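For reference, model15.txt (compact mmCIF, C-alpha atoms):
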```
# COMPACT_ATOMS: atom_id res chain seq x y z
CA MET A 257 32.95 -6.92 20.18
CA LYS A 258 29.99 -9.28 19.79
CA GLY A 259 26.51 -8.67 18.43
CA LEU A 260 23.44 -10.76 17.57
CA TYR A 261 22.54 -11.29 13.92
CA TYR A 262 20.11 -13.32 11.84
CA LYS A 263 22.06 -15.38 9.31
CA LEU A 264 20.08 -15.87 6.14
CA ALA A 265 20.07 -19.38 4.67
CA GLU A 266 20.26 -20.34 1.02
CA ASN A 267 17.72 -22.18 -1.14
CA GLY A 268 14.74 -21.23 1.00
CA ALA A 269 16.04 -22.94 4.14
CA GLU A 270 15.33 -21.37 7.51
CA GLY A 271 17.97 -18.97 8.84
CA LYS A 272 19.30 -18.87 12.37
CA PHE A 273 20.35 -16.36 15.02
CA VAL A 274 24.08 -16.20 15.71
CA ILE A 275 26.44 -14.24 17.95
CA GLN A 276 28.96 -12.65 15.61
CA GLU A 277 32.15 -10.69 16.17
CA THR A 278 31.85 -7.19 14.71
CA GLN A 279 33.75 -3.93 14.63
CA VAL A 280 32.48 -0.39 15.08
CA SER A 281 33.93 1.86 12.41
CA SER A 282 36.41 4.41 13.73
CA ALA A 283 35.16 6.86 11.09
CA GLN A 284 32.36 8.89 12.64
CA GLY A 285 30.09 11.09 10.51
CA ASN A 286 29.43 14.75 11.18
CA HIS A 287 26.00 14.10 12.69
CA GLN A 288 26.73 10.73 14.28
CA VAL A 289 27.21 9.84 17.93
CA LYS A 290 28.89 6.84 19.52
CA VAL A 291 26.73 5.27 22.23
CA GLN A 292 27.65 2.77 24.93
CA VAL A 293 24.64 0.46 25.02
CA LYS A 294 23.24 -0.28 28.48
CA THR A 295 20.04 -2.12 27.49
CA CYS A 296 18.66 -3.53 24.24
CA ALA A 297 15.17 -4.85 23.51
CA LEU A 298 14.49 -7.87 21.30
CA SER A 299 11.37 -7.70 19.13
CA PRO A 300 10.27 -10.00 16.27
CA LEU A 301 12.37 -9.53 13.15
CA ASP A 302 10.59 -8.84 9.85
CA ILE A 303 12.78 -10.75 7.41
CA GLN A 304 10.33 -10.23 4.55
CA LEU A 305 10.57 -6.45 4.91
CA ASP A 306 14.35 -6.70 4.73
CA GLU A 307 14.04 -8.67 1.50
CA ASP A 308 11.42 -6.31 0.07
CA LEU A 309 13.78 -3.36 0.55
CA LYS A 310 16.57 -5.33 -1.18
CA PHE A 311 19.26 -4.70 1.41
CA GLN A 312 21.08 -7.78 0.09
CA ARG A 313 22.98 -8.75 3.21
CA ASP A 314 23.73 -12.15 4.67
CA LEU A 315 23.63 -10.99 8.30
CA VAL A 316 20.64 -8.99 9.52
CA PRO A 317 21.34 -7.04 12.76
CA VAL A 318 19.07 -7.88 15.69
CA GLY A 319 18.04 -5.63 18.55
CA ARG A 320 17.43 -2.12 17.29
CA GLU A 321 15.77 -0.60 20.38
CA ILE A 322 18.58 0.71 22.59
CA ALA A 323 19.29 2.91 25.58
CA GLY A 324 22.76 4.02 26.59
CA ILE A 325 25.32 6.74 27.26
CA VAL A 326 26.88 9.01 24.65
CA LEU A 327 30.65 8.48 24.43
CA GLN A 328 31.59 10.68 21.45
CA VAL A 329 29.82 13.13 19.16
CA GLY A 330 30.54 14.19 15.58
CA PRO A 331 31.66 17.76 14.82
CA LYS A 332 28.21 18.93 13.72
CA VAL A 333 26.13 17.18 16.39
CA THR A 334 23.90 19.74 18.15
CA PHE A 335 21.46 17.61 20.21
CA PHE A 336 23.89 15.71 22.45
CA GLN A 337 27.20 15.81 24.22
CA PRO A 338 29.33 13.13 25.91
CA ASP A 339 27.80 11.50 29.01
CA ASP A 340 24.22 12.26 27.93
CA GLU A 341 21.78 9.39 28.54
CA VAL A 342 19.84 8.59 25.37
CA VAL A 343 17.28 6.20 23.94
CA GLY A 344 16.35 5.46 20.35
CA ILE A 345 15.86 2.99 17.51
CA LEU A 346 18.63 1.99 15.15
CA PRO A 347 17.62 2.59 11.50
CA LEU A 348 16.34 -0.31 9.44
CA ASP A 349 19.45 -0.36 7.25
CA THR A 350 21.91 -0.38 10.15
CA GLU A 351 24.82 -2.82 9.98
CA MET A 352 25.28 -2.93 13.75
CA SER A 353 23.40 -5.00 16.29
CA GLY A 354 22.01 -3.21 19.30
CA LEU A 355 23.65 -5.90 21.44
CA CYS A 356 27.11 -4.59 20.59
CA ASP A 357 28.88 -2.80 23.46
CA THR A 358 28.92 0.43 21.43
CA VAL A 359 27.06 1.58 18.32
CA VAL A 360 27.37 4.57 16.00
CA ILE A 361 24.06 6.19 15.12
CA ASP A 362 22.82 9.44 13.58
CA GLU A 363 21.70 11.95 16.21
CA HIS A 364 18.29 12.21 14.54
CA HIS A 365 17.43 8.69 15.71
CA LEU A 366 17.90 9.46 19.42
CA VAL A 367 16.28 11.50 22.19
CA GLN A 368 17.39 12.37 25.71
CA LYS A 369 16.42 9.83 28.37
CA PRO A 370 14.91 11.43 31.48
CA VAL A 371 17.10 10.84 34.53
CA LYS A 372 14.44 9.00 36.56
CA LEU A 373 13.52 6.70 33.66
CA SER A 374 15.26 3.32 33.92
CA TRP A 375 17.32 1.82 31.12
CA LEU A 376 14.96 -1.14 30.93
CA GLU A 377 11.80 0.96 30.60
CA ALA A 378 13.42 3.22 28.00
CA ALA A 379 14.66 0.50 25.65
CA GLY A 380 11.74 -1.84 26.30
CA THR A 381 9.06 0.71 25.46
CA ILE A 382 10.38 3.05 22.77
CA ARG A 383 9.32 0.98 19.74
CA ASP A 384 5.94 -0.16 21.05
CA GLY A 385 5.29 3.43 22.09
CA LEU A 386 6.10 4.59 18.56
CA ARG A 387 3.72 1.98 17.14
CA ALA A 388 0.93 3.05 19.50
CA TYR A 389 1.38 6.73 18.59
CA THR A 390 1.48 5.93 14.88
CA ALA A 391 -1.66 3.81 15.06
CA LEU A 392 -3.77 6.06 17.27
CA HIS A 393 -2.64 9.58 16.38
CA THR A 394 -1.26 9.43 12.84
CA LEU A 395 -3.54 6.79 11.31
CA ALA A 396 -6.76 6.66 13.36
CA ARG A 397 -6.94 10.34 14.43
CA MET A 398 -7.98 9.36 17.94
CA ALA A 399 -10.10 11.89 19.84
CA ALA A 400 -11.83 12.09 23.22
CA GLY A 401 -15.14 10.23 23.22
CA HIS A 402 -14.07 7.62 20.69
CA THR A 403 -14.40 3.90 21.39
CA LEU A 404 -11.29 1.79 20.73
CA LEU A 405 -10.96 -1.99 20.44
CA VAL A 406 -7.44 -3.30 21.05
CA LEU A 407 -6.99 -6.90 19.97
CA ASP A 408 -4.49 -8.82 22.10
CA GLY A 409 -4.56 -6.05 24.66
CA ALA A 410 -2.08 -7.78 26.98
CA SER A 411 0.79 -7.53 24.48
CA PRO A 412 3.45 -4.86 25.18
CA PHE A 413 2.07 -2.86 22.24
CA GLY A 414 -1.52 -3.36 23.37
CA VAL A 415 -0.87 -2.22 26.93
CA LEU A 416 0.72 1.04 25.79
CA ALA A 417 -2.08 1.66 23.29
CA ILE A 418 -4.65 1.17 26.05
CA GLN A 419 -2.86 3.57 28.40
CA LEU A 420 -2.35 6.19 25.67
CA ALA A 421 -6.01 5.99 24.70
CA HIS A 422 -7.16 6.37 28.32
CA HIS A 423 -4.93 9.44 28.65
CA HIS A 424 -6.84 11.07 25.79
CA GLY A 425 -10.31 10.26 27.10
CA VAL A 426 -11.05 7.27 24.85
CA LYS A 427 -13.27 4.38 25.91
CA VAL A 428 -11.30 1.14 25.55
CA LEU A 429 -12.34 -2.45 24.87
CA ALA A 430 -9.68 -5.15 24.69
CA SER A 431 -9.50 -8.82 23.78
CA ALA A 432 -7.63 -11.40 25.85
CA LEU A 433 -6.03 -14.50 24.33
CA SER A 434 -5.85 -16.51 27.57
CA PRO A 435 -7.34 -16.55 31.08
CA GLU A 436 -4.05 -15.09 32.36
CA ASP A 437 -4.25 -12.22 29.89
CA GLN A 438 -7.86 -11.57 30.86
CA LYS A 439 -7.01 -11.40 34.56
CA PHE A 440 -4.12 -9.04 33.82
CA LEU A 441 -6.27 -6.72 31.69
CA GLU A 442 -9.07 -6.64 34.26
CA GLN A 443 -6.59 -5.42 36.87
CA LEU A 444 -5.33 -2.49 34.78
CA ARG A 445 -6.07 1.02 36.02
CA PRO A 446 -7.77 3.07 34.69
CA SER A 447 -10.05 0.14 34.08
CA ILE A 448 -10.96 -1.15 30.63
CA ALA A 449 -14.65 -0.81 29.77
CA ARG A 450 -14.83 -4.46 28.69
CA VAL A 451 -12.31 -7.29 28.46
CA ILE A 452 -13.40 -9.82 25.86
CA GLY A 453 -11.98 -13.29 26.55
CA ILE A 454 -11.81 -14.68 23.02
CA TRP A 455 -9.94 -17.71 24.39
CA ASP A 456 -13.40 -18.91 25.46
CA ALA A 457 -15.22 -20.42 22.46
CA LYS A 458 -18.53 -19.28 23.95
CA VAL A 459 -17.54 -15.61 23.70
CA ASP A 460 -18.27 -13.84 20.41
CA LEU A 461 -16.10 -10.82 19.64
CA VAL A 462 -18.60 -9.08 17.37
CA ASP A 463 -21.58 -9.56 19.69
CA SER A 464 -19.56 -8.32 22.69
CA CYS A 465 -18.48 -5.13 20.89
CA LEU A 466 -21.93 -4.35 19.53
CA GLU A 467 -23.50 -4.99 22.93
CA GLU A 468 -21.01 -2.66 24.64
CA THR A 469 -21.59 0.13 22.09
CA GLY A 470 -25.38 -0.18 21.90
CA GLY A 471 -25.18 -1.63 18.40
CA LEU A 472 -23.26 1.37 17.01
CA GLY A 473 -19.88 -0.34 16.65
CA VAL A 474 -16.44 0.92 17.64
CA ASP A 475 -14.65 3.95 16.19
CA ILE A 476 -11.19 2.39 16.03
CA VAL A 477 -9.95 -1.20 15.79
CA MET A 478 -6.28 -2.10 16.25
CA ASP A 479 -5.60 -5.70 15.31
CA SER A 480 -2.62 -7.96 15.99
CA GLY A 481 -3.10 -9.85 12.74
CA VAL A 482 -6.06 -11.28 10.86
CA ARG A 483 -7.15 -14.82 10.15
CA LEU A 484 -7.47 -14.97 6.37
CA HIS A 485 -8.57 -18.60 5.87
CA GLU A 486 -10.36 -21.34 7.82
CA GLU A 487 -7.32 -23.58 7.43
CA GLN A 488 -5.00 -21.28 9.40
CA GLU A 489 -5.11 -23.20 12.68
CA ASP A 490 -2.00 -21.42 13.93
CA ARG A 491 -4.04 -18.20 13.75
CA ARG A 492 -7.24 -19.48 15.28
CA HIS A 493 -7.07 -16.82 18.02
CA LEU A 494 -7.19 -14.04 15.40
CA PRO A 495 -10.47 -12.56 14.11
CA TYR A 496 -11.66 -12.85 10.53
CA LYS A 497 -11.61 -9.65 8.46
CA HIS A 498 -15.41 -9.86 8.11
CA ASP A 499 -15.77 -9.77 11.90
CA ILE A 500 -13.67 -6.62 12.17
CA ILE A 501 -15.62 -4.88 9.40
CA THR A 502 -18.90 -5.88 11.08
CA LEU A 503 -17.99 -4.40 14.46
CA LEU A 504 -16.71 -1.12 12.97
CA GLY A 505 -18.99 1.89 13.43
CA ILE A 506 -19.86 4.60 10.93
CA GLY A 507 -16.72 6.46 9.87
CA GLY A 508 -14.60 3.94 11.76
CA HIS A 509 -10.87 3.34 11.35
CA TRP A 510 -9.34 -0.12 11.12
CA VAL A 511 -5.59 -0.10 11.80
CA THR A 512 -4.13 -3.43 10.75
CA THR A 513 -0.74 -5.09 11.13
CA GLU A 514 -1.66 -7.69 8.48
CA ASN A 515 0.61 -6.88 5.53
CA ASN A 516 -1.05 -9.49 3.31
CA LEU A 517 -4.62 -8.35 3.93
CA GLN A 518 -6.91 -8.93 0.94
CA LEU A 519 -10.29 -7.24 0.73
CA ASP A 520 -12.89 -8.83 -1.52
CA PRO A 521 -15.53 -6.68 -3.27
CA PRO A 522 -18.17 -7.41 -0.59
CA ASP A 523 -15.68 -6.32 2.10
CA SER A 524 -14.94 -3.08 0.25
CA HIS A 525 -18.66 -2.46 -0.23
CA SER A 526 -19.31 -2.89 3.50
CA LEU A 527 -16.53 -0.41 4.29
CA PHE A 528 -17.96 1.99 1.69
CA LEU A 529 -21.42 1.86 3.27
CA LYS A 530 -19.90 2.77 6.62
CA ALA A 531 -17.50 5.38 5.15
CA ALA A 532 -14.86 3.43 7.07
CA SER A 533 -11.14 3.25 6.33
CA VAL A 534 -8.31 0.73 6.55
CA SER A 535 -4.77 1.79 7.43
CA PHE A 536 -1.65 -0.37 7.51
CA LEU A 537 0.57 0.02 10.55
CA ASN A 538 4.24 0.12 9.59
CA GLU A 539 6.24 2.26 12.01
CA GLU A 540 9.35 1.86 9.87
CA VAL A 541 8.08 4.55 7.49
CA TRP A 542 9.26 7.25 9.91
CA GLY A 543 12.81 6.57 8.77
CA ALA A 544 11.92 6.63 5.07
CA SER A 545 11.74 10.42 4.68
CA ARG A 546 13.67 13.24 6.31
CA ALA A 547 10.57 15.40 5.90
CA HIS A 548 9.07 13.60 8.91
CA GLN A 549 12.20 13.69 11.06
CA GLY A 550 11.00 16.46 13.37
CA ARG A 551 7.65 14.78 14.01
CA TYR A 552 9.37 11.44 14.60
CA LEU A 553 11.65 12.93 17.27
CA HIS A 554 8.68 14.73 18.83
CA ILE A 555 6.89 11.40 19.20
CA LEU A 556 9.93 9.70 20.75
CA LYS A 557 10.35 12.63 23.16
CA ASP A 558 6.69 12.49 24.18
CA ILE A 559 6.94 8.75 24.79
CA VAL A 560 9.87 9.04 27.21
CA ASP A 561 8.24 12.02 28.94
CA LYS A 562 5.03 10.05 29.49
CA LEU A 563 7.09 7.11 30.77
CA SER A 564 8.91 9.30 33.27
CA THR A 565 5.66 10.79 34.59
CA GLY A 566 3.91 7.39 34.85
CA THR A 567 1.29 8.06 32.18
CA LEU A 568 2.67 5.05 30.30
CA ARG A 569 3.46 2.06 32.52
CA PRO A 570 4.95 -0.84 30.51
CA GLN A 571 4.75 -4.42 31.70
CA LEU A 572 8.27 -5.78 31.21
CA GLN A 573 9.78 -9.18 31.92
CA ASP A 574 13.06 -9.60 33.75
CA PRO A 575 16.10 -8.94 31.51
CA VAL A 576 18.60 -11.58 30.44
CA PRO A 577 22.39 -11.36 29.92
CA LEU A 578 23.98 -11.38 26.46
CA TYR A 579 24.81 -15.10 26.53
CA GLU A 580 21.06 -15.87 26.67
CA ALA A 581 20.21 -13.49 23.81
CA THR A 582 20.26 -16.12 21.04
CA ILE A 583 17.77 -18.50 22.63
CA SER A 584 15.65 -15.55 23.80
CA MET A 585 15.47 -14.13 20.28
CA GLU A 586 14.48 -17.52 18.87
CA MET A 587 11.59 -17.61 21.35
CA VAL A 588 10.56 -14.06 20.43
CA GLN A 589 10.66 -14.86 16.72
CA LYS A 590 8.53 -17.98 17.23
CA LYS A 591 6.12 -15.89 19.35
CA GLN A 592 6.65 -18.08 22.39
CA ILE A 593 7.32 -14.87 24.29
CA ARG A 594 6.37 -11.34 23.25
CA LYS A 595 9.54 -9.36 23.97
CA ARG A 596 12.85 -9.75 25.78
CA LEU A 597 15.29 -7.25 27.24
CA VAL A 598 19.05 -7.80 27.27
CA ILE A 599 21.33 -5.94 29.66
CA GLN A 600 24.98 -5.20 29.00
CA LEU A 601 26.97 -6.29 32.05
```

Take the structure in this file and express it as C-alpha cells.
Amino acid sequence: MKGLYYKLAENGAEGKFVIQETQVSSAQGNHQVKVQVKTCALSPLDIQLDEDLKFQRDLVPVGREIAGIVLQVGPKVTFFQPDDEVVGILPLDTEMSGLCDTVVIDEHHLVQKPVKLSWLEAAGTIRDGLRAYTALHTLARMAAGHTLLVLDGASPFGVLAIQLAHHHGVKVLASALSPEDQKFLEQLRPSIARVIGIWDAKVDLVDSCLEETGGLGVDIVMDSGVRLHEEQEDRRHLPYKHDIITLLGIGGHWVTTENNLQLDPPDSHSLFLKAASVSFLNEEVWGASRAHQGRYLHILKDIVDKLSTGTLRPQLQDPVPLYEATISMEMVQKKQIRKRLVIQL
C-alpha cells in the first residue's frame, strides 16, 4: 500500500515529497477504527511545527484530511460501526499518510459524514472549517453586529470564514490578491460589504477599512500572514503589522497565522490604548488535550452539518489521482496552488 510522505534531508538541505510503500498495522486499539479512504485533501505542511514537537522521524506523513468508509471497529468503539461514512483529520503524530488505501485512527478524530455530502466536500473542507471556527468563535468571540476583515478572502479558509461570519450576522470586508480573486469575491452571496483589491498599488487597505467603518475600525481581523520587513519581496502582498493595528477598532481582536510575529513596544502601546488583543491561530491545539475532545468533535459535526445544508459552500478545484499527488503537493507547499484533493480510484 502506498502513501505520500515528506522525506527530511540532512545538513539543512531541502526535503522532498515521495510515494512510499507502507503497511497498516494489523493490531487495532480498543478505540480505533479502520477506514477505507475515498478522498484526501492536501494542505501545506508545517515542517517547523513537526521539528518543534520533536517527533524525530525521517518521513512525515502527508494528507491528514480524509473522508472514507469504516471497515472495522475496535472492541470499545461506541461512535461508529462498519460501513459508516466518516470524515476527520488524522492526528499530528500519525505515522500513516491519508493517501493510503486504509488508515487506522482513533474514533475521537472522526465524525459521521451526512449522506448527501460528497466525499470531496467533506475532505476538502474539514480542516479549513475547523480553522474558521477556531479563529472566529474560540479566539475572536464573534457576535452579530461585528465587522470582520478577512485578508486573502478568496483562499479556501477565507471563503469559509466569510460564509460562517455571514451566517452569524457579521459585516464582512475582504481583501483580494488579484483581479481574479476580486471578481470571485464580488460574486459571492450573501455579498461582501467591501472587497479591497490590494493587488492594485493605488488601493490602501487601512484607508479602505476606516472609510467603510466610519473611522471606527474593524472588530476582528484575520490575516493570512504578515509582512515583517521591507525586504520581504516574496510577501509584498501581505500587510504590515502596523497597518493591521491601525485599522483595528476599540476592543478589537487580531487573529494571526504569523507564528514569528514580533510586537515592538510602540505596537504593544497602540494595542493597549485600544484594549485590543492578538491571538495566534493554531488549530492543531485541539489534539493536544483530551479535555477539549468533546468541543472538538462538536465543531467538526457542526461543520459537516452546515456543509450538508448549504450554509458553507466551499470552492474546490477538480481532484487528481494518486499518481499526480507528488507534483500537486509540491505546488501546494510552494503556494502555487492553495489546496488539492486526491481521490482513491

Would you kindly return, as number ranges by chain, each protein, DNA or RNA residue with an atom no farther than 8 Å from any atom of segment 533-550 of chain A, considering only C-alpha atoms and excluding same-chain residues fewer than 2 positions away?
A: 347-348, 364, 386-387, 390-391, 395-396, 507-515, 527, 531, 552-554

Selection near Ile500 of chain A, 12 Å with only C-alpha atoms, sequence-local residues under 4 positions removed, as a compact mmCIF listing (two decimals) with C-alpha atoms, in the coordinates of the input:
```txt
# COMPACT_ATOMS: atom_id res chain seq x y z
CA LEU A 405 -10.96 -1.99 20.44
CA VAL A 406 -7.44 -3.30 21.05
CA LEU A 407 -6.99 -6.90 19.97
CA ASP A 460 -18.27 -13.84 20.41
CA LEU A 461 -16.10 -10.82 19.64
CA VAL A 462 -18.60 -9.08 17.37
CA ASP A 463 -21.58 -9.56 19.69
CA CYS A 465 -18.48 -5.13 20.89
CA LEU A 466 -21.93 -4.35 19.53
CA GLY A 473 -19.88 -0.34 16.65
CA VAL A 474 -16.44 0.92 17.64
CA ASP A 475 -14.65 3.95 16.19
CA ILE A 476 -11.19 2.39 16.03
CA VAL A 477 -9.95 -1.20 15.79
CA MET A 478 -6.28 -2.10 16.25
CA ASP A 479 -5.60 -5.70 15.31
CA SER A 480 -2.62 -7.96 15.99
CA GLY A 481 -3.10 -9.85 12.74
CA VAL A 482 -6.06 -11.28 10.86
CA ARG A 483 -7.15 -14.82 10.15
CA LEU A 484 -7.47 -14.97 6.37
CA LEU A 494 -7.19 -14.04 15.40
CA PRO A 495 -10.47 -12.56 14.11
CA TYR A 496 -11.66 -12.85 10.53
CA LEU A 504 -16.71 -1.12 12.97
CA GLY A 505 -18.99 1.89 13.43
CA GLY A 508 -14.60 3.94 11.76
CA HIS A 509 -10.87 3.34 11.35
CA TRP A 510 -9.34 -0.12 11.12
CA VAL A 511 -5.59 -0.10 11.80
CA THR A 512 -4.13 -3.43 10.75
CA LEU A 519 -10.29 -7.24 0.73
CA ASP A 523 -15.68 -6.32 2.10
CA SER A 526 -19.31 -2.89 3.50
CA LEU A 527 -16.53 -0.41 4.29
CA ALA A 532 -14.86 3.43 7.07
CA SER A 533 -11.14 3.25 6.33
CA VAL A 534 -8.31 0.73 6.55
```

Mind giving me the straight-line distance from atom CA of Val428 of chain A to atom CA of Arg450 of chain A in Å, one decimal?
7.3 Å

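Considering only C-alpha atoms, the residue among A:Met398, A:Val459, A:Leu444, A:Val326 positioned nearest to Thr358 of chain A is A:Val326.
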
Polymer residues at most 9 Å from (21.9, -6.0, 28.2) by all atoms listed in the file, as a PyMOL selection string
chain A and resi 293-297+355+376+575-578+581+597-601

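Nearest-residue note for Leu556 of chain A: choosing from A:His365, A:His485, A:Arg492, A:Lys272, the minimum distance belongs to A:His365, counting all atoms listed in the file.
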
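Shortest atom-to-atom contact with Ala378 of chain A among A:Gly324, A:Gly409, A:Gly414, A:Gly470: A:Gly324, counting only C-alpha atoms.
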